[in-house]
Structures are given as C-alpha cells and as structure tokens.
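Student: Here you go, run_20.tsv (TSV, C-alpha atoms):
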chain	number	residue	atom	x	y	z
A	1	MET	CA	-5.55	-75.32	-127.05
A	2	PHE	CA	-7.71	-74.20	-124.14
A	3	ASP	CA	-10.73	-71.98	-124.63
A	4	PRO	CA	-10.54	-69.31	-121.86
A	5	PRO	CA	-14.19	-68.19	-121.99
A	6	HIS	CA	-15.49	-71.73	-121.56
A	7	LEU	CA	-12.92	-72.56	-118.89
A	8	MET	CA	-14.20	-69.56	-116.94
A	9	LYS	CA	-17.78	-70.74	-117.37
A	10	SER	CA	-16.81	-74.15	-115.95
A	11	LEU	CA	-14.95	-72.43	-113.12
A	12	ARG	CA	-18.07	-70.40	-112.26
A	13	ASN	CA	-20.27	-73.52	-112.32
A	14	ASN	CA	-17.90	-75.41	-110.00
A	15	PHE	CA	-17.48	-72.37	-107.76
A	16	LYS	CA	-21.25	-72.03	-107.35
A	17	ARG	CA	-21.75	-75.74	-106.77
A	18	ASN	CA	-18.84	-76.42	-104.39
A	19	GLY	CA	-16.97	-73.27	-103.42
A	20	PHE	CA	-13.22	-73.31	-102.86
A	21	LYS	CA	-10.75	-73.09	-100.03
A	22	ASN	CA	-7.56	-71.02	-100.17
A	23	GLY	CA	-5.51	-72.02	-97.16
A	24	GLU	CA	-7.70	-71.15	-94.19
A	25	HIS	CA	-10.05	-68.96	-96.23
A	26	ASP	CA	-13.37	-70.17	-97.58
A	27	ILE	CA	-14.24	-68.77	-100.99
A	28	SER	CA	-18.01	-68.95	-101.27
A	29	TRP	CA	-20.69	-68.17	-103.85
A	30	ASN	CA	-22.87	-67.17	-100.89
A	31	PHE	CA	-20.98	-63.87	-100.63
A	32	ILE	CA	-21.89	-63.06	-104.24
A	33	GLU	CA	-25.53	-63.85	-103.40
A	34	LYS	CA	-25.43	-61.66	-100.27
A	35	PHE	CA	-23.75	-58.85	-102.19
A	36	TYR	CA	-26.41	-59.08	-104.92
A	37	GLU	CA	-29.24	-58.91	-102.35
A	38	MET	CA	-27.77	-55.76	-100.79
A	39	ASP	CA	-26.75	-54.15	-104.08
A	40	SER	CA	-30.10	-54.76	-105.80
A	41	ALA	CA	-31.85	-52.86	-102.98
A	42	LEU	CA	-29.73	-49.73	-103.54
A	43	PRO	CA	-31.06	-46.83	-105.64
A	44	ILE	CA	-27.70	-46.55	-107.43
A	45	ARG	CA	-26.10	-49.95	-107.80
A	46	MET	CA	-22.42	-50.86	-107.58
A	47	ALA	CA	-22.84	-53.77	-110.00
A	48	PRO	CA	-25.79	-52.82	-112.22
A	49	LYS	CA	-25.17	-55.65	-114.70
A	50	LEU	CA	-25.52	-58.29	-111.97
A	51	THR	CA	-29.03	-59.77	-112.11
A	52	LYS	CA	-30.98	-62.62	-110.54
A	53	ARG	CA	-30.00	-64.79	-113.57
A	54	HIS	CA	-26.34	-64.42	-112.62
A	55	ILE	CA	-27.09	-65.67	-109.11
A	56	THR	CA	-29.59	-68.48	-109.65
A	57	ILE	CA	-28.23	-69.60	-113.05
A	58	PRO	CA	-31.43	-71.12	-114.47
A	59	ALA	CA	-31.44	-73.97	-117.00
A	60	PHE	CA	-29.25	-73.27	-120.02
A	61	ALA	CA	-27.97	-70.04	-118.46
A	62	ASP	CA	-25.08	-72.16	-117.15
A	63	LEU	CA	-23.97	-72.26	-120.80
A	64	SER	CA	-23.60	-68.48	-120.95
A	65	VAL	CA	-20.02	-67.24	-120.84
A	66	LYS	CA	-21.27	-63.64	-120.55
A	67	LEU	CA	-23.19	-64.37	-117.34
A	68	ALA	CA	-20.18	-66.17	-115.88
A	69	MET	CA	-17.78	-63.33	-116.58
A	70	GLN	CA	-20.16	-60.65	-115.32
A	71	ALA	CA	-20.59	-62.55	-112.04
A	72	LEU	CA	-16.81	-63.01	-111.72
A	73	SER	CA	-15.92	-59.43	-112.64
A	74	HIS	CA	-13.79	-56.71	-111.09
A	75	THR	CA	-17.01	-54.76	-110.48
A	76	VAL	CA	-18.45	-57.54	-108.30
A	77	ALA	CA	-15.13	-57.94	-106.46
A	78	ALA	CA	-14.98	-54.19	-105.79
A	79	GLY	CA	-18.59	-54.24	-104.59
A	80	ILE	CA	-17.90	-57.05	-102.14
A	81	TYR	CA	-14.80	-55.22	-100.85
A	82	THR	CA	-16.91	-52.08	-100.40
A	83	MET	CA	-19.58	-53.97	-98.45
A	84	VAL	CA	-16.85	-55.48	-96.24
A	85	GLN	CA	-15.43	-51.99	-95.58
A	86	LEU	CA	-18.92	-50.72	-94.72
A	87	LYS	CA	-19.30	-53.72	-92.37
A	88	ALA	CA	-22.34	-54.90	-94.31
A	89	LEU	CA	-20.54	-58.16	-95.16
A	90	ASP	CA	-18.36	-60.31	-92.94
A	91	PRO	CA	-14.61	-59.62	-93.37
A	92	VAL	CA	-14.09	-63.23	-94.50
A	93	ALA	CA	-15.88	-62.21	-97.72
A	94	SER	CA	-12.64	-60.44	-98.70
A	95	ALA	CA	-11.15	-63.82	-99.69
A	96	THR	CA	-14.02	-64.30	-102.14
A	97	ALA	CA	-13.47	-60.79	-103.52
A	98	ASP	CA	-9.74	-61.55	-103.92
A	99	PHE	CA	-10.61	-64.74	-105.81
A	100	ILE	CA	-13.09	-62.96	-108.10
A	101	ASP	CA	-10.61	-60.19	-108.86
A	102	TYR	CA	-7.90	-62.78	-109.64
A	103	VAL	CA	-10.28	-64.68	-111.95
A	104	ASP	CA	-11.18	-61.44	-113.74
A	105	LYS	CA	-7.50	-60.61	-114.31
A	106	LEU	CA	-6.76	-64.18	-115.38
A	107	PHE	CA	-9.58	-64.08	-117.93
A	108	ASN	CA	-8.30	-60.76	-119.30
A	109	TYR	CA	-4.77	-62.19	-119.42
A	110	PHE	CA	-5.74	-65.21	-121.49
A	111	ASN	CA	-8.42	-63.54	-123.58
A	112	SER	CA	-6.54	-60.39	-124.68
A	113	ARG	CA	-6.63	-59.36	-128.33
A	114	ASN	CA	-5.59	-55.70	-128.43
A	115	LEU	CA	-2.15	-54.21	-127.82
A	116	TYR	CA	-3.53	-51.01	-126.35
A	117	ARG	CA	-6.56	-52.08	-124.34
A	118	LYS	CA	-7.00	-50.53	-120.89
A	119	GLY	CA	-6.27	-52.57	-117.83
A	120	PRO	CA	-3.08	-54.20	-116.58
A	121	MET	CA	-3.93	-57.69	-117.83
A	122	ALA	CA	-6.13	-56.78	-120.80
A	123	HIS	CA	-3.32	-56.61	-123.35
A	124	PRO	CA	-1.00	-59.33	-124.74
A	125	LEU	CA	2.12	-60.55	-122.98
A	126	SER	CA	5.18	-58.36	-123.48
A	127	PRO	CA	8.49	-57.77	-121.66
A	128	SER	CA	7.04	-54.67	-119.99
A	129	SER	CA	3.67	-56.15	-119.02
A	130	GLY	CA	2.97	-57.44	-115.53
A	131	HIS	CA	1.82	-60.84	-116.75
A	132	VAL	CA	4.77	-62.93	-115.54
A	133	SER	CA	4.79	-61.48	-112.02
A	134	PHE	CA	0.99	-61.85	-111.88
A	135	LEU	CA	1.25	-65.58	-112.56
A	136	GLN	CA	4.07	-66.23	-110.08
A	137	ILE	CA	2.84	-67.82	-106.89
A	138	ASP	CA	4.64	-66.93	-103.67
Would you write out, as structure tokens, the structure that this file holds?
Tutor:
Amino acid sequence: MFDPPHLMKSLRNNFKRNGFKNGEHDISWNFIEKFYEMDSALPIRMAPKLTKRHITIPAFADLSVKLAMQALSHTVAAGIYTMVQLKALDPVASATADFIDYVDKLFNYFNSRNLYRKGPMAHPLSPSSGHVSFLQID
C-alpha cells in the first residue's frame, strides 16, 4: 500500500531538484521561488503559509510532509496564475501552476477520509464524484 503523504514529499523533493517536462512545457521550482519572492513583499499575501523554509528546504525539512503539501497547494497554484495574469510572471509559469494544482487535487483524492469534506477531490470515490474523469488522461 502506498503512503500518499510521503509520496508527495518525494515528488516535491524531485521536483525541486530536477523539475519536470510536460510535452513542450517546463515545470520548474523556480516559478515557486519567484512567486514567493513577489508574494512575500506584498502587504497582504496570496499564500501566507508559504515561508522561506518551503522554498529552501533546509536539512531535515525535506522530511516534512506539511511543508511539501503547503508548497504544492491550490493556494500557491492560484497565486502563480494570478501573477501570470498580472504579467508579473512569464506565461510559461502557467504550466507549473497547472502541475501544482493537479498535485494538490491528486493528494486530496488519495488522502480523503471524510464523505462530506469540501472540495471536488477531497472526499472518497463514489459513482457521482469526479474522481474517474479526473484520472483519465486524454
């Protein structure tokens, strides 16, 4: 049996170290770093839980599932999208935001415990849930 929280932590560590490529699109940790730099300078932050520890991942912090999931959260994805729309980040950062949002939904999908939790992927698989269509790759 796989352990979703620790798989996500490993995913974050590999993502930071190597990045990914989705077709022609580069998915890069650098966009999270750039977003953090811009967001941390704002008086009201878009991702207030995102800290320097999430970005630099000091010794033993790479063992923290919480830091991994906060860095790969819907909030961070939405913040990157917002910065792209405001032209503060390059439009290619959208691929990274898409990836982060997908990872967040995937984590919720595999880590759900409640029948009535908010969010489309935050509840267990059922005939009426969107889980199957979410996992289908075109």
Student: Which neighbours of stretch 17-19 of chain A fall inside 9 Å, counting all atoms listed in the file, when residues of the same chain fewer than 6 positions from it are skipped, and could you give them as a PyMOL selection string?
Tutor: chain A and resi 26-30
Student: Record the distance separating atom CA of A:Asp101 and atom CA of A:Ala78, expressed in Å with one decimal.
Tutor: 8.0 Å
Student: Looking at all atoms listed in the file, which of A:Met46, A:Leu86, A:Leu72, A:Ile32 is the one that sits closest to A:Ile100?
Tutor: A:Leu72
Student: Determine the nearest neighbour of A:Leu67 from the options A:Lys9, A:Lys16, A:His25, A:Lys105, counting only C-alpha atoms.
Tutor: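 So, comparing all the options, the nearest one is A:Lys9.
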Student: In Å, rounded to a single decimal, give me how far atom CA of A:Ala97 is from atom CA of A:Ala77.
Tutor: 4.4 Å
Student: Between A:Tyr102, A:Met8, A:Gly23, A:Phe15, single out the one closest to A:Val76, counting all atoms listed in the file.
Tutor: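 With all atoms listed in the file as the atom set, the closest residue is A:Tyr102.
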Student: Taking (-23.1, -71.8, -121.5) in the file's own coordinates, collect the residues within 10 Å, counting only C-alpha atoms, and hand them back as a list in words.
Tutor: Pro5, His6, Lys9, Ser10, Asn13, Ala59, Phe60, Ala61, Asp62, Leu63, Ser64, Val65, Lys66, Leu67 and Ala68 of chain A
Student: Could you check the closest approach to A:Met69 for each of A:Ser40, A:Leu106, A:Lys87, A:Phe20 and tell me which residue wins, using all atoms listed in the file?
Tutor: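 Ranked by minimum distance to A:Met69, first place goes to A:Leu106.
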Student: Any idea what the distance is between atom CA of A:Lys21 and atom CA of A:Arg45?
Tutor: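 Those two atoms sit 28.8 Å apart.
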Student: At a cut-off of 10 Å, using only C-alpha atoms, what residues contact A:Phe31? Leave out same-chain residues fewer than 4 positions from it and give the result as a list in words.
Tutor: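 Counting only the stated atoms, we get Ile27, Phe35, Tyr36, Glu37, Ile80, Leu89, Asp90, Val92, Ala93, Ser94, Ala95, Thr96 and Ala97 of chain A.
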Student: When distances are computed from all atoms listed in the file, which of A:His54, A:His74, A:Lys49, A:Lys34 shows the smallest separation from A:Val103?
Tutor: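 Closest to A:Val103 of all the choices is A:His74.
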Student: Which one of A:Asn22, A:Gln85, A:Asn14, A:Asn111 sits closest to A:Asp98 if you count only C-alpha atoms?
Tutor: A:Asn22
